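Everything below concerns the one structure shown next.
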Amino acid sequence: MKTLGSDFRGRSSRGLTACAAFAIAASVSSTAFAEDVDDTTKNAARELAHRATGAYDSGDFKTAQDLFHRAYTLVPAPTLSLREARALEKLGRLVESVEAYVRTVRTPLSASAADAYKQAVRQAQDELTKVRPRVPQLRIVVEPATPSDTLTVVMDGKPLQRALIGVEMPVNPGAHEISVSTSAGARARARVTLRESETQVATLRLEPGAGAADSGRILTDASLGRDAMAERDPGSMQRTWAYVGFGVGGAGLGTGVITGLLAANRHSSAQESCPEGKCAPGSSGAKDVDAFRSLRTVSTVSYVLGVAGVGAGVTLMLTAPKPAHASFVRPYVGAGRFGVQGRF
């Protein structure tokens, strides 16, 4: 059973869709952009625009973009290119969306142009300023490469002009496949993923006679350092934390030893200054007792932290994935010495 509210919302939504379709249909019929177009073409463009509006409102942005583009090709009205730009934005194709917005903004309008066209151009300008900063930037660097090399660079199956190599260029968010080859047979191939507003540098290193296999490494600003090391050695990050544990543990044990010796020294002084274990308040013996108790507490806590740190380091090191070469680690304790030894 329909409620009054749901029925009203349904009618309102259909009304908005109808209004949008009517506005676009009116723009298709305008003599400003269709004066040299025959009636059959104008009718076809109007129908495409109507179907595109329905697809857009139902969330089928791919179909909407295709139909708006076809309608614009038949009748280049700014209302159509604006709607195509919005559909492209919804699809995440920000580079193409920017171009559609720019095409709308650059539409030549006379002083007597319809208000719908002027409004479309103003809206395109406002939306363009918001979309453009969201477009990721990618700089592709090929190493080693000289100006005399005959390079063929392909991204996502489409060749790139050499003028785009080494400079930032706008690309759509998401994953991209990049390959480069030379006339001498050197090749490299890699994959990079960009988020909105992100800038990355992709470095492809050519290897002679690499064939079609993946031979290049993609190095980006985001992956240099920690992520790149983790890719070469999956256990490197865990071993790094193990070293931190050893450092903390060693510092704790060292502090425990030093404060323990100081506490023992204060205890001896208190025994000498306080006959029969009784110290007068405010005397040097009483101060030695207070210092002894404080140092003993610090020493005990430091020993606990030291043992915990070394234990955590050993556990992390022993459970880390093995690198390509053999490695080992083992703790040692000797007269006046303690620590960890191994090969990594």
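Chain labels follow the order of the structure tokens: the first chain is A, the next B, and so on; residue numbering restarts at 1 in every chain, and ligands are counted from 1 in their shown order.
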Test item, helix (DSSP H, G or I) assignment across segment 53-175 of chain A, answer as an NGL selection string:
:A and (53-57 or 61-74 or 78-90 or 94-105 or 115-134 or 162-164)
Output the selection as a short mmCIF file (atom, residue, chain, number, x, y, z; two decimals), in the first residue's frame - C-alpha atoms for each residue.
data_model
loop_
_atom_site.label_atom_id
_atom_site.label_comp_id
_atom_site.auth_asym_id
_atom_site.auth_seq_id
_atom_site.Cartn_x
_atom_site.Cartn_y
_atom_site.Cartn_z
CA THR A 53 18.57 11.54 -18.76
CA GLY A 54 16.63 8.48 -17.66
CA ALA A 55 19.80 6.39 -17.48
CA TYR A 56 21.60 9.07 -15.45
CA ASP A 57 18.75 9.41 -12.97
CA PHE A 61 26.17 6.54 -15.74
CA LYS A 62 27.99 4.52 -18.40
CA THR A 63 24.95 4.39 -20.62
CA ALA A 64 24.12 8.02 -19.86
CA GLN A 65 27.61 9.19 -20.85
CA ASP A 66 27.49 7.29 -24.12
CA LEU A 67 24.05 8.62 -25.04
CA PHE A 68 24.82 12.23 -24.04
CA HIS A 69 28.00 12.08 -26.13
CA ARG A 70 26.11 10.76 -29.14
CA ALA A 71 23.46 13.46 -28.78
CA TYR A 72 26.15 16.15 -28.48
CA THR A 73 27.84 14.84 -31.62
CA LEU A 74 24.58 15.35 -33.48
CA PRO A 78 26.36 23.06 -23.96
CA THR A 79 23.54 21.49 -21.96
CA LEU A 80 24.46 18.12 -23.46
CA SER A 81 28.22 18.38 -22.91
CA LEU A 82 27.59 19.50 -19.31
CA ARG A 83 25.54 16.39 -18.62
CA GLU A 84 28.18 14.21 -20.28
CA ALA A 85 30.85 15.79 -18.05
CA ARG A 86 28.82 14.93 -14.96
CA ALA A 87 28.35 11.33 -16.08
CA LEU A 88 32.09 10.98 -16.73
CA GLU A 89 32.78 12.36 -13.26
CA LYS A 90 30.46 9.77 -11.73
CA LEU A 94 38.11 12.61 -14.34
CA VAL A 95 40.42 13.42 -17.26
CA GLU A 96 37.61 13.05 -19.79
CA SER A 97 35.23 14.85 -17.44
CA VAL A 98 37.53 17.87 -17.30
CA GLU A 99 37.69 17.95 -21.09
CA ALA A 100 33.89 17.83 -21.35
CA TYR A 101 33.59 20.66 -18.83
CA VAL A 102 36.18 22.70 -20.77
CA ARG A 103 34.30 22.04 -24.00
CA THR A 104 31.15 23.34 -22.35
CA VAL A 105 32.86 26.45 -20.96
CA ASP A 115 19.26 31.30 -20.66
CA ALA A 116 19.63 27.51 -20.45
CA TYR A 117 22.88 27.70 -22.43
CA LYS A 118 24.26 30.54 -20.32
CA GLN A 119 23.37 28.69 -17.14
CA ALA A 120 25.03 25.50 -18.44
CA VAL A 121 28.26 27.38 -19.14
CA ARG A 122 28.24 28.99 -15.67
CA GLN A 123 27.59 25.64 -13.99
CA ALA A 124 30.36 23.99 -16.02
CA GLN A 125 32.83 26.67 -14.93
CA ASP A 126 31.92 26.21 -11.25
CA GLU A 127 32.09 22.41 -11.41
CA LEU A 128 35.34 22.47 -13.39
CA THR A 129 37.14 24.30 -10.58
CA LYS A 130 36.11 21.50 -8.20
CA VAL A 131 36.91 18.53 -10.45
CA ARG A 132 40.27 19.65 -11.84
CA PRO A 133 42.19 19.47 -8.49
CA ARG A 134 40.97 15.89 -8.02
CA ARG A 162 57.57 10.89 -26.03
CA ALA A 163 56.88 14.52 -25.08
CA LEU A 164 54.91 13.18 -22.09
#
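The nearest approach to Gly313 of chain A among the residues A:Thr150, A:Gln238, A:Ser269, A:Asn172, with only C-alpha atoms taken into account, belongs to A:Gln238.
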